[in-house]
$ cat protein26.tsv   # TSV, C-alpha atoms
chain	number	residue	atom	x	y	z
A	2	MET	CA	-20.51	-12.32	9.17
A	3	ASP	CA	-17.81	-13.79	6.95
A	4	PHE	CA	-17.48	-17.53	7.08
A	5	LYS	CA	-14.11	-19.17	6.64
A	6	PRO	CA	-14.64	-22.84	5.89
A	7	THR	CA	-12.31	-25.42	7.33
A	8	THR	CA	-9.71	-26.30	4.75
A	9	SER	CA	-9.80	-29.96	3.83
A	10	THR	CA	-6.59	-31.80	3.02
A	11	THR	CA	-8.61	-34.69	1.65
A	12	LYS	CA	-8.32	-35.26	-2.06
A	13	GLN	CA	-11.42	-35.19	-4.24
A	14	SER	CA	-11.09	-38.93	-4.90
A	15	GLU	CA	-11.06	-39.64	-1.15
A	16	ILE	CA	-14.29	-37.76	-0.35
A	17	PRO	CA	-17.24	-40.10	0.26
A	18	ARG	CA	-19.99	-39.50	-2.27
A	19	PHE	CA	-23.32	-41.14	-3.04
A	20	SER	CA	-23.65	-44.67	-1.60
A	21	ASN	CA	-20.37	-44.23	0.28
A	22	ALA	CA	-21.71	-41.13	2.03
A	23	GLN	CA	-25.36	-41.82	2.85
A	24	LYS	CA	-25.51	-45.19	4.57
A	25	ASP	CA	-26.55	-46.77	7.86
A	26	ARG	CA	-29.29	-44.08	8.01
A	27	SER	CA	-26.54	-41.50	8.57
A	28	PHE	CA	-24.25	-39.33	6.47
A	29	TYR	CA	-20.48	-39.30	6.21
A	30	HIS	CA	-18.18	-36.41	5.40
A	31	PRO	CA	-14.84	-35.60	7.06
A	32	LEU	CA	-15.74	-31.98	7.83
A	33	PHE	CA	-18.72	-32.85	10.04
A	34	PRO	CA	-18.27	-36.23	11.69
A	35	GLN	CA	-21.36	-37.68	13.32
A	36	PRO	CA	-21.78	-38.85	16.92
A	37	ASN	CA	-21.57	-42.62	17.18
A	38	ARG	CA	-25.05	-43.14	18.58
A	39	HIS	CA	-27.22	-40.70	16.69
A	40	ASN	CA	-28.55	-43.12	14.07
A	41	SER	CA	-29.76	-45.94	16.31
A	42	ASN	CA	-33.40	-46.26	17.28
A	43	ASN	CA	-34.68	-45.16	20.67
A	44	ASP	CA	-31.19	-44.11	21.71
A	45	TYR	CA	-32.02	-41.17	23.96
A	46	ASP	CA	-31.18	-41.90	27.58
A	47	GLY	CA	-31.18	-38.40	29.01
A	48	SER	CA	-27.57	-37.67	28.18
A	49	SER	CA	-26.54	-35.62	25.17
A	50	SER	CA	-25.06	-37.49	22.26
A	51	MET	CA	-25.08	-34.36	20.11
A	52	ILE	CA	-21.85	-33.61	18.35
A	53	THR	CA	-19.72	-31.13	20.27
A	54	THR	CA	-17.81	-28.37	18.57
A	55	THR	CA	-15.38	-25.59	19.38
A	56	ASP	CA	-17.18	-23.28	16.94
A	57	PRO	CA	-18.74	-20.11	18.40
A	58	PRO	CA	-22.38	-20.84	19.31
A	59	HIS	CA	-23.72	-18.33	16.79
A	60	GLU	CA	-21.29	-18.92	13.94
A	61	THR	CA	-22.97	-18.54	10.60
A	62	TYR	CA	-22.88	-21.47	8.26
A	63	CYS	CA	-24.22	-21.95	4.79
A	64	PHE	CA	-25.81	-24.73	2.77
A	65	VAL	CA	-27.39	-24.99	-0.67
A	66	VAL	CA	-30.57	-26.63	-1.93
A	67	ALA	CA	-30.97	-27.65	-5.56
A	68	ALA	CA	-33.76	-29.73	-7.06
A	69	ASP	CA	-34.95	-31.59	-10.12
A	70	THR	CA	-31.71	-31.86	-12.06
A	71	GLN	CA	-33.79	-34.45	-13.92
A	72	LEU	CA	-31.36	-35.49	-16.65
A	73	GLY	CA	-33.41	-36.45	-19.71
A	74	MET	CA	-36.53	-34.37	-19.09
A	75	THR	CA	-36.28	-31.89	-21.97
A	76	HIS	CA	-35.93	-34.37	-24.82
A	77	GLY	CA	-37.90	-37.36	-23.61
A	78	ASN	CA	-34.84	-39.26	-22.32
A	79	THR	CA	-33.25	-39.47	-25.76
A	80	ASP	CA	-30.76	-36.74	-24.85
A	81	TRP	CA	-29.85	-34.86	-21.67
A	82	GLU	CA	-27.13	-32.42	-22.68
A	83	LYS	CA	-29.23	-29.42	-21.61
A	84	GLU	CA	-29.69	-30.74	-18.09
A	85	LYS	CA	-26.01	-31.67	-17.84
A	86	GLU	CA	-25.16	-28.09	-18.78
A	87	TYR	CA	-27.38	-26.71	-16.00
A	88	SER	CA	-25.86	-29.06	-13.42
A	89	ARG	CA	-22.32	-28.15	-14.46
A	90	ALA	CA	-23.17	-24.46	-14.09
A	91	ALA	CA	-24.57	-25.05	-10.58
A	92	VAL	CA	-21.50	-27.01	-9.49
A	93	GLU	CA	-19.19	-24.33	-10.87
A	94	TYR	CA	-21.15	-21.59	-9.09
A	95	MET	CA	-20.91	-23.36	-5.71
A	96	ASN	CA	-17.22	-24.10	-6.17
A	97	GLN	CA	-16.56	-20.39	-6.66
A	98	MET	CA	-18.63	-19.14	-3.72
A	99	ASN	CA	-16.58	-17.07	-1.26
A	100	LYS	CA	-18.83	-18.23	1.53
A	101	ARG	CA	-18.44	-21.93	0.92
A	102	PRO	CA	-21.50	-24.06	1.74
A	103	LEU	CA	-20.99	-26.98	4.10
A	104	PHE	CA	-23.27	-29.11	1.98
A	105	CYS	CA	-25.54	-29.13	-1.03
A	106	CYS	CA	-28.76	-31.12	-0.96
A	107	VAL	CA	-30.30	-32.05	-4.33
A	108	CYS	CA	-33.96	-32.52	-3.44
A	109	GLY	CA	-34.91	-35.37	-5.74
A	110	ASP	CA	-35.53	-36.22	-9.38
A	111	LEU	CA	-31.83	-36.49	-9.97
A	112	VAL	CA	-32.69	-38.04	-13.34
A	113	ASP	CA	-35.87	-38.33	-15.39
A	114	MET	CA	-35.96	-41.98	-16.45
A	115	THR	CA	-37.49	-44.65	-14.27
A	116	ALA	CA	-39.21	-47.79	-15.47
A	117	GLU	CA	-41.98	-47.27	-12.90
A	118	ILE	CA	-43.11	-44.24	-14.93
A	119	TYR	CA	-41.98	-44.85	-18.49
A	120	ALA	CA	-41.97	-48.60	-19.19
A	121	SER	CA	-44.38	-49.35	-22.07
A	122	ARG	CA	-45.61	-45.77	-22.03
A	123	GLY	CA	-45.53	-43.47	-25.04
A	124	VAL	CA	-43.22	-40.51	-24.57
A	125	LYS	CA	-43.10	-37.43	-26.77
A	126	ASP	CA	-39.62	-36.31	-27.75
A	127	ILE	CA	-39.47	-32.69	-28.91
A	128	LYS	CA	-36.66	-32.17	-31.38
A	129	ASP	CA	-34.90	-28.82	-31.69
A	130	GLU	CA	-36.62	-28.12	-35.01
A	131	GLY	CA	-40.01	-28.59	-33.37
A	132	LYS	CA	-40.78	-32.06	-34.67
A	133	ILE	CA	-42.33	-34.52	-32.23
A	134	GLU	CA	-41.40	-38.18	-32.18
A	135	GLU	CA	-43.22	-40.85	-30.18
A	136	LYS	CA	-41.08	-43.28	-28.20
A	137	LYS	CA	-42.01	-46.36	-26.19
A	138	TRP	CA	-39.63	-48.01	-23.77
A	139	THR	CA	-39.27	-51.53	-22.47
A	140	ARG	CA	-38.32	-51.99	-18.81
A	141	GLU	CA	-34.84	-53.10	-19.87
A	142	GLU	CA	-34.38	-49.95	-21.94
A	143	CYS	CA	-35.62	-47.82	-19.06
A	144	ASP	CA	-33.16	-49.40	-16.64
A	145	ARG	CA	-30.28	-48.99	-19.08
A	146	ILE	CA	-31.08	-45.32	-19.69
A	147	GLN	CA	-31.55	-44.64	-15.98
A	148	ASP	CA	-28.19	-46.24	-15.22
A	149	GLN	CA	-26.50	-44.00	-17.80
A	150	GLN	CA	-28.25	-40.90	-16.48
A	151	ASN	CA	-27.25	-41.81	-12.92
A	152	ALA	CA	-23.65	-42.25	-14.05
A	153	ASP	CA	-23.65	-38.87	-15.83
A	154	PHE	CA	-25.15	-37.19	-12.77
A	155	GLN	CA	-22.45	-38.69	-10.57
A	156	THR	CA	-19.67	-37.65	-12.96
A	157	ILE	CA	-20.81	-34.02	-12.99
A	158	TRP	CA	-21.58	-33.68	-9.29
A	159	SER	CA	-18.35	-35.41	-8.28
A	160	ASP	CA	-16.66	-32.18	-9.40
A	161	LEU	CA	-18.22	-30.39	-6.43
A	162	HIS	CA	-15.45	-29.03	-4.19
A	163	PRO	CA	-14.33	-31.70	-1.71
A	164	ASP	CA	-15.19	-29.40	1.20
A	165	ILE	CA	-18.84	-29.36	0.09
A	166	ALA	CA	-20.75	-32.49	1.07
A	167	LEU	CA	-23.34	-33.73	-1.44
A	168	VAL	CA	-26.70	-35.04	-0.23
A	169	CYS	CA	-28.89	-36.86	-2.78
A	170	VAL	CA	-32.63	-37.19	-2.16
A	171	CYS	CA	-34.83	-39.55	-4.15
A	172	GLY	CA	-37.78	-38.19	-6.10
A	173	ASN	CA	-40.63	-39.80	-7.97
A	174	HIS	CA	-38.54	-39.91	-11.14
A	175	ASP	CA	-35.86	-41.82	-9.21
A	176	VAL	CA	-38.11	-44.41	-7.55
A	177	GLY	CA	-41.50	-44.05	-9.25
A	178	ASN	CA	-44.82	-42.37	-8.46
A	179	ARG	CA	-45.76	-45.52	-6.57
A	180	PRO	CA	-42.39	-46.89	-5.41
A	181	THR	CA	-41.69	-50.58	-5.11
A	182	PRO	CA	-39.04	-52.31	-2.99
A	183	ALA	CA	-37.15	-52.99	-6.23
A	184	SER	CA	-37.25	-49.37	-7.45
A	185	ILE	CA	-36.08	-48.10	-4.06
A	186	GLU	CA	-33.27	-50.65	-4.04
A	187	ARG	CA	-32.14	-49.40	-7.46
A	188	PHE	CA	-31.82	-45.91	-6.01
A	189	ARG	CA	-30.01	-47.17	-2.93
A	190	SER	CA	-27.49	-49.10	-5.00
A	191	ALA	CA	-26.58	-45.95	-6.92
A	192	PHE	CA	-26.92	-43.19	-4.33
A	193	GLY	CA	-27.24	-44.74	-0.88
A	194	ASP	CA	-30.04	-44.58	1.68
A	195	ASP	CA	-33.35	-43.08	0.59
A	196	TYR	CA	-33.86	-41.65	4.09
A	197	PHE	CA	-31.30	-40.75	6.76
A	198	SER	CA	-30.27	-37.96	9.13
A	199	PHE	CA	-27.19	-36.06	10.19
A	200	TRP	CA	-25.93	-33.19	12.33
A	201	VAL	CA	-24.31	-30.04	11.00
A	202	LYS	CA	-23.13	-27.98	13.95
A	203	ASP	CA	-26.22	-27.78	16.21
A	204	SER	CA	-28.80	-28.28	13.44
A	205	TYR	CA	-30.32	-31.68	12.77
A	206	ASN	CA	-31.07	-32.56	9.14
A	207	ILE	CA	-33.60	-35.24	8.23
A	208	ILE	CA	-33.84	-36.63	4.70
A	209	VAL	CA	-37.07	-38.44	3.78
A	210	ASN	CA	-38.40	-40.43	0.84
A	211	THR	CA	-41.55	-38.41	0.17
A	212	SER	CA	-42.62	-40.71	-2.67
A	213	LEU	CA	-43.64	-43.21	0.00
A	214	PHE	CA	-45.76	-40.53	1.66
A	215	SER	CA	-47.30	-39.68	-1.70
A	216	ASP	CA	-48.29	-43.27	-2.54
A	217	SER	CA	-47.13	-46.27	-0.52
A	218	GLY	CA	-49.48	-48.76	-2.20
A	219	ASN	CA	-46.68	-50.98	-3.50
A	220	ALA	CA	-44.46	-50.73	-0.43
A	221	PRO	CA	-46.61	-50.41	2.73
A	222	GLU	CA	-44.01	-52.06	4.96
A	223	LEU	CA	-41.30	-49.68	3.80
A	224	PHE	CA	-43.63	-46.76	4.42
A	225	GLN	CA	-44.26	-47.90	8.00
A	226	GLU	CA	-40.55	-48.42	8.62
A	227	GLN	CA	-39.82	-44.87	7.46
A	228	TRP	CA	-42.71	-43.47	9.48
A	229	ASP	CA	-41.48	-45.09	12.71
A	230	TRP	CA	-37.93	-43.95	11.97
A	231	LEU	CA	-39.06	-40.35	11.27
A	232	GLU	CA	-40.96	-40.08	14.52
A	233	ASP	CA	-37.97	-41.48	16.40
A	234	ARG	CA	-35.56	-39.01	14.75
A	235	LEU	CA	-37.80	-36.02	15.46
A	236	ARG	CA	-38.09	-37.04	19.10
A	237	TYR	CA	-34.33	-37.54	19.32
A	238	ALA	CA	-33.57	-34.13	17.78
A	239	ALA	CA	-35.99	-32.35	20.10
A	240	GLN	CA	-34.50	-34.02	23.16
A	241	GLN	CA	-30.90	-33.00	22.41
A	242	PRO	CA	-32.07	-30.26	21.74
A	243	ALA	CA	-31.26	-29.29	18.17
A	244	ARG	CA	-31.30	-25.57	17.51
A	245	HIS	CA	-32.93	-26.22	14.15
A	246	ILE	CA	-34.59	-29.25	12.58
A	247	PHE	CA	-34.58	-29.13	8.80
A	248	VAL	CA	-36.52	-31.78	6.86
A	249	PHE	CA	-35.50	-32.34	3.23
A	250	GLY	CA	-37.61	-34.21	0.69
A	251	HIS	CA	-38.75	-34.13	-2.90
A	252	HIS	CA	-42.49	-33.43	-2.72
A	253	PRO	CA	-43.75	-30.30	-0.96
A	254	TRP	CA	-46.04	-31.25	1.91
A	255	PHE	CA	-48.30	-28.45	0.64
A	256	LEU	CA	-48.08	-25.48	-1.72
A	257	TYR	CA	-50.21	-22.56	-0.56
A	258	HIS	CA	-51.84	-23.63	2.71
A	259	GLU	CA	-51.07	-26.44	5.12
A	260	ASP	CA	-54.64	-27.80	5.03
A	261	GLU	CA	-55.35	-27.34	1.34
A	262	ASP	CA	-57.49	-30.07	-0.20
A	263	GLU	CA	-55.95	-31.31	-3.42
A	264	ALA	CA	-59.47	-31.76	-4.85
A	265	ASP	CA	-60.06	-28.00	-4.53
A	266	MET	CA	-56.79	-26.83	-6.05
A	267	LYS	CA	-57.53	-25.00	-9.30
A	268	GLY	CA	-54.03	-23.98	-10.39
A	269	PHE	CA	-52.09	-25.76	-13.10
A	270	SER	CA	-48.80	-25.50	-14.97
A	271	PRO	CA	-48.94	-25.57	-18.79
A	272	ASN	CA	-46.75	-28.40	-20.03
A	273	PRO	CA	-43.82	-27.00	-22.08
A	274	SER	CA	-43.57	-30.39	-23.84
A	275	GLY	CA	-47.03	-29.94	-25.31
A	276	GLY	CA	-48.67	-32.60	-23.17
A	277	PRO	CA	-51.54	-32.21	-20.70
A	278	ASP	CA	-51.37	-29.39	-18.17
A	279	VAL	CA	-49.92	-30.40	-14.81
A	280	LYS	CA	-52.37	-29.72	-11.98
A	281	ASP	CA	-51.10	-28.19	-8.74
A	282	SER	CA	-52.69	-31.11	-6.88
A	283	TYR	CA	-50.15	-33.44	-8.52
A	284	PHE	CA	-47.31	-31.84	-6.61
A	285	VAL	CA	-48.48	-32.13	-2.99
A	286	ILE	CA	-48.71	-34.92	-0.43
A	287	PRO	CA	-52.35	-36.08	0.01
A	288	ARG	CA	-54.02	-34.20	2.84
A	289	THR	CA	-54.90	-37.31	4.86
A	290	VAL	CA	-51.21	-38.21	5.16
A	291	ARG	CA	-50.01	-34.60	5.30
A	292	ARG	CA	-52.07	-33.81	8.39
A	293	LYS	CA	-50.41	-36.63	10.32
A	294	VAL	CA	-46.93	-35.59	9.22
A	295	LEU	CA	-47.47	-31.91	9.99
A	296	ALA	CA	-48.79	-32.84	13.43
A	297	LEU	CA	-45.42	-34.49	14.09
A	298	PHE	CA	-43.56	-31.49	12.70
A	299	ALA	CA	-45.55	-29.17	14.96
A	300	LYS	CA	-45.01	-31.36	18.03
A	301	TYR	CA	-41.24	-31.42	17.56
A	302	LYS	CA	-40.92	-27.83	16.30
A	303	VAL	CA	-39.47	-28.40	12.84
A	304	THR	CA	-37.91	-25.17	11.58
A	305	ALA	CA	-38.40	-25.71	7.87
A	306	ALA	CA	-39.28	-28.32	5.27
A	307	LEU	CA	-37.33	-28.02	2.02
A	308	ALA	CA	-38.46	-29.53	-1.27
A	309	GLY	CA	-38.48	-29.39	-5.07
A	310	HIS	CA	-40.83	-31.26	-7.46
A	311	PHE	CA	-42.85	-28.13	-8.35
A	312	HIS	CA	-40.23	-26.91	-10.90
A	313	GLN	CA	-40.75	-23.36	-9.68
A	314	ASN	CA	-40.17	-21.36	-6.52
A	315	LEU	CA	-42.70	-21.08	-3.75
A	316	VAL	CA	-42.40	-20.13	-0.07
A	317	SER	CA	-45.21	-20.69	2.44
A	318	LYS	CA	-45.56	-21.04	6.20
A	319	THR	CA	-47.70	-23.14	8.55
A	320	SER	CA	-49.86	-21.87	11.40
A	321	PHE	CA	-47.29	-23.29	13.84
A	322	GLY	CA	-44.39	-21.42	12.23
A	323	MET	CA	-42.73	-24.03	10.00
A	324	HIS	CA	-41.45	-22.71	6.69
A	325	MET	CA	-42.32	-24.69	3.55
A	326	ILE	CA	-39.66	-23.71	1.02
A	327	VAL	CA	-39.89	-25.06	-2.52
A	328	THR	CA	-36.92	-24.53	-4.82
A	329	SER	CA	-37.14	-24.37	-8.60
A	330	SER	CA	-35.46	-26.90	-10.84
A	331	LEU	CA	-32.14	-27.28	-12.61
A	332	SER	CA	-34.05	-28.59	-15.63
A	333	MET	CA	-37.34	-27.57	-17.23
A	334	VAL	CA	-39.12	-24.72	-15.42
A	335	LEU	CA	-42.92	-24.65	-15.01
A	336	GLN	CA	-45.20	-21.69	-14.33
A	337	SER	CA	-48.36	-22.41	-12.36
A	338	THR	CA	-51.47	-20.28	-12.66
A	339	GLY	CA	-52.02	-20.86	-8.93
A	340	ILE	CA	-49.02	-18.89	-7.65
A	341	PRO	CA	-50.19	-15.64	-5.99
A	342	LYS	CA	-49.47	-12.47	-7.93
A	343	GLU	CA	-47.75	-10.97	-4.90
A	344	PHE	CA	-45.13	-13.72	-4.92
A	345	HIS	CA	-42.00	-12.24	-6.47
A	346	GLU	CA	-39.28	-14.91	-6.52
A	347	PRO	CA	-37.73	-15.57	-9.95
A	348	ARG	CA	-39.58	-17.96	-12.26
A	349	THR	CA	-36.40	-19.50	-13.55
A	350	ARG	CA	-33.94	-22.30	-12.81
A	351	GLY	CA	-31.31	-22.03	-10.12
A	352	ILE	CA	-30.28	-22.94	-6.58
A	353	ARG	CA	-31.21	-21.66	-3.13
A	354	ILE	CA	-28.58	-20.56	-0.61
A	355	PHE	CA	-29.33	-20.80	3.11
A	356	ASP	CA	-27.47	-18.92	5.85
A	357	VAL	CA	-27.97	-20.18	9.39
A	358	ASN	CA	-26.99	-17.94	12.28
A	359	GLY	CA	-27.99	-19.02	15.77
A	360	ASP	CA	-31.77	-19.19	16.06
A	361	LYS	CA	-32.30	-17.48	12.71
A	362	PHE	CA	-31.89	-18.47	9.09
A	363	ALA	CA	-32.27	-16.70	5.77
A	364	HIS	CA	-32.38	-17.89	2.20
A	365	GLN	CA	-31.96	-16.48	-1.29
A	366	PHE	CA	-32.66	-17.98	-4.69
A	367	ILE	CA	-29.86	-17.61	-7.23
A	368	THR	CA	-30.59	-17.91	-10.95
A	369	ILE	CA	-28.22	-20.28	-12.76
$ encode --input "protein26.tsv" --output "structure tokens"
Amino acid sequence: MDFKPTTSTTKQSEIPRFSNAQKDRSFYHPLFPQPNRHNSNNDYDGSSSMITTTDPPHETYCFVVAADTQLGMTHGNTDWEKEKEYSRAAVEYMNQMNKRPLFCCVCGDLVDMTAEIYASRGVKDIKDEGKIEEKKWTREECDRIQDQQNADFQTIWSDLHPDIALVCVCGNHDVGNRPTPASIERFRSAFGDDYFSFWVKDSYNIIVNTSLFSDSGNAPELFQEQWDWLEDRLRYAAQQPARHIFVFGHHPWFLYHEDEDEADMKGFSPNPSGGPDVKDSYFVIPRTVRRKVLALFAKYKVTAALAGHFHQNLVSKTSFGMHMIVTSSLSMVLQSTGIPKEFHEPRTRGIRIFDVNGDKFAHQFITI
């Protein structure tokens, strides 16, 4: 079914982006205004506050997932021209799509530099001629580089067509492997809320800060706030009811099986930078936390969880029918030894296009 997007008369400069778009735990774009009450806690009173539309009930719509643009990854944060090139190519591709997506969600690690990971740590910079230089960063240098990478990301992605909303998710390289209130606030000041939700037609989209689920040791209160909010949003969406609930985050909740124990995961990705191999267990949410989250997702019938972080494609499914869809990066690509041989999606960089039609959805990975 051909989709003819609504034509926006809004100029590119007038489109809300970043911190002007994702705020108040909601999302703002002129082509899909949100109901007034959807982002308040415990707001369900038995009446529907879901956005109403004159669209046919089974009209197809499209959205895009990208991940791990990670400006700075290839050359140890001394240069990020390669990653800028990949992002520009992705933006250009989406702008030229005949079936225009309603939104693009970049699932975390927008940039590579964060002081929570790199401050005072040695970093290997691989030069084009193969020479390796060791760099160490102060916190001030990390913050300065991250600010520049954030600015470059925003410059490139601001060229996305004004009819395509841009959703920015935080990853561990945006807020740290163990986020702090300060690191999360740095992300919020640049890109807006680290978790929020919004309607698109009759689908409810929930954005979460998975770094807090991965390790909340430095921000336990923020973890609990997000947990309470998530449960409330899932309950709200189910009560409307939403036709689909899509949950977007950076970390996959799991890779191969919903109850996999990270201690038993044997796969690894060789590090293209020459450093230690990256174990599959690094990429998933710890099982003790994951079980609680997946119980919520099962209770409220989440359609799919969408993520990045793995730097390669992987599609799995839970016993209760939720799809776990991991999209490869727009930066360095990894290749895990743990991926089943029968899995045939491209091992390359690109974006994933989703088509939603009534109760069904389909997706396809596009190499960029």
$ atom_distance --input "protein26.tsv" --atom1 "CA of Glu261 (chain A)" --atom2 "CA of Tyr196 (chain A)"
26.0 Å
$ closest_residue --input "protein26.tsv" --among "A:Val209, A:Leu32, A:Leu103, A:Ile118" --to "Val65 (chain A)" --atoms "all atoms listed in the file"
A:Leu103
$ closest_atom_pairs --input "protein26.tsv" --of "region 200-278 of chain A" --to "region 157-170 of chain A" --cutoff "8 Å" --atoms "all atoms listed in the file" --output "tab-separated table"
residue	atom	partner	partner_atom	distance
A:Ile208	CA	A:Val170	CA	7.0
A:Val209	CA	A:Val170	CA	7.5
A:Asn210	CA	A:Val170	CA	7.3
A:Phe249	CA	A:Val170	CA	7.8
A:Gly250	CA	A:Val170	CA	6.5
A:His251	CA	A:Val170	CA	6.9
$ atom_distance --input "protein26.tsv" --atom1 "CA of Gln313 (chain A)" --atom2 "CA of His258 (chain A)"
16.6 Å
$ closest_residue --input "protein26.tsv" --among "A:Phe199, A:Phe247, A:Phe154, A:Phe64" --to "Tyr87 (chain A)" --atoms "all atoms listed in the file"
A:Phe154
$ closest_residue --input "protein26.tsv" --among "A:Ser190, A:Ser198, A:Gln71, A:Ser184" --to "Ser212 (chain A)" --atoms "all atoms listed in the file"
A:Ser184
$ decode --input "protein26.tsv" --residues "region 285-298 of chain A" --atoms "N, CA, C and O atoms" --output "PDB file, in the first residue's frame"
ATOM      1  N   VAL A 285      24.233  -7.191  26.837  1.00  0.00           N
ATOM      2  CA  VAL A 285      22.866  -7.449  27.285  1.00  0.00           C
ATOM      3  C   VAL A 285      22.615  -6.867  28.676  1.00  0.00           C
ATOM      4  O   VAL A 285      23.549  -6.600  29.442  1.00  0.00           O
ATOM      5  N   ILE A 286      21.343  -6.703  29.002  1.00  0.00           N
ATOM      6  CA  ILE A 286      20.933  -6.301  30.339  1.00  0.00           C
ATOM      7  C   ILE A 286      21.073  -7.497  31.279  1.00  0.00           C
ATOM      8  O   ILE A 286      20.688  -8.617  30.920  1.00  0.00           O
ATOM      9  N   PRO A 287      21.640  -7.323  32.475  1.00  0.00           N
ATOM     10  CA  PRO A 287      21.795  -8.447  33.405  1.00  0.00           C
ATOM     11  C   PRO A 287      20.482  -9.195  33.620  1.00  0.00           C
ATOM     12  O   PRO A 287      19.412  -8.586  33.702  1.00  0.00           O
ATOM     13  N   ARG A 288      20.575 -10.514  33.709  1.00  0.00           N
ATOM     14  CA  ARG A 288      19.370 -11.346  33.734  1.00  0.00           C
ATOM     15  C   ARG A 288      18.463 -11.027  34.919  1.00  0.00           C
ATOM     16  O   ARG A 288      17.229 -11.082  34.794  1.00  0.00           O
ATOM     17  N   THR A 289      19.036 -10.690  36.066  1.00  0.00           N
ATOM     18  CA  THR A 289      18.194 -10.409  37.236  1.00  0.00           C
ATOM     19  C   THR A 289      17.256  -9.236  36.973  1.00  0.00           C
ATOM     20  O   THR A 289      16.079  -9.262  37.371  1.00  0.00           O
ATOM     21  N   VAL A 290      17.753  -8.205  36.310  1.00  0.00           N
ATOM     22  CA  VAL A 290      16.918  -7.052  35.957  1.00  0.00           C
ATOM     23  C   VAL A 290      16.038  -7.381  34.761  1.00  0.00           C
ATOM     24  O   VAL A 290      14.850  -7.040  34.717  1.00  0.00           O
ATOM     25  N   ARG A 291      16.619  -8.061  33.776  1.00  0.00           N
ATOM     26  CA  ARG A 291      15.893  -8.380  32.547  1.00  0.00           C
ATOM     27  C   ARG A 291      14.617  -9.164  32.832  1.00  0.00           C
ATOM     28  O   ARG A 291      13.569  -8.901  32.227  1.00  0.00           O
ATOM     29  N   ARG A 292      14.686 -10.132  33.723  1.00  0.00           N
ATOM     30  CA  ARG A 292      13.501 -10.941  34.013  1.00  0.00           C
ATOM     31  C   ARG A 292      12.339 -10.084  34.504  1.00  0.00           C
ATOM     32  O   ARG A 292      11.182 -10.299  34.120  1.00  0.00           O
ATOM     33  N   LYS A 293      12.633  -9.092  35.327  1.00  0.00           N
ATOM     34  CA  LYS A 293      11.582  -8.214  35.841  1.00  0.00           C
ATOM     35  C   LYS A 293      11.002  -7.347  34.734  1.00  0.00           C
ATOM     36  O   LYS A 293       9.786  -7.139  34.662  1.00  0.00           O
ATOM     37  N   VAL A 294      11.879  -6.832  33.868  1.00  0.00           N
ATOM     38  CA  VAL A 294      11.406  -5.997  32.767  1.00  0.00           C
ATOM     39  C   VAL A 294      10.566  -6.815  31.794  1.00  0.00           C
ATOM     40  O   VAL A 294       9.474  -6.390  31.375  1.00  0.00           O
ATOM     41  N   LEU A 295      11.054  -7.994  31.414  1.00  0.00           N
ATOM     42  CA  LEU A 295      10.317  -8.810  30.456  1.00  0.00           C
ATOM     43  C   LEU A 295       8.982  -9.279  31.029  1.00  0.00           C
ATOM     44  O   LEU A 295       8.016  -9.472  30.272  1.00  0.00           O
ATOM     45  N   ALA A 296       8.908  -9.444  32.336  1.00  0.00           N
ATOM     46  CA  ALA A 296       7.614  -9.786  32.939  1.00  0.00           C
ATOM     47  C   ALA A 296       6.607  -8.656  32.720  1.00  0.00           C
ATOM     48  O   ALA A 296       5.424  -8.903  32.442  1.00  0.00           O
ATOM     49  N   LEU A 297       7.068  -7.415  32.834  1.00  0.00           N
ATOM     50  CA  LEU A 297       6.200  -6.269  32.538  1.00  0.00           C
ATOM     51  C   LEU A 297       5.813  -6.253  31.058  1.00  0.00           C
ATOM     52  O   LEU A 297       4.644  -6.016  30.713  1.00  0.00           O
ATOM     53  N   PHE A 298       6.782  -6.493  30.190  1.00  0.00           N
ATOM     54  CA  PHE A 298       6.502  -6.477  28.759  1.00  0.00           C
ATOM     55  C   PHE A 298       5.496  -7.568  28.390  1.00  0.00           C
ATOM     56  O   PHE A 298       4.633  -7.351  27.530  1.00  0.00           O
TER      57      PHE A 298
END
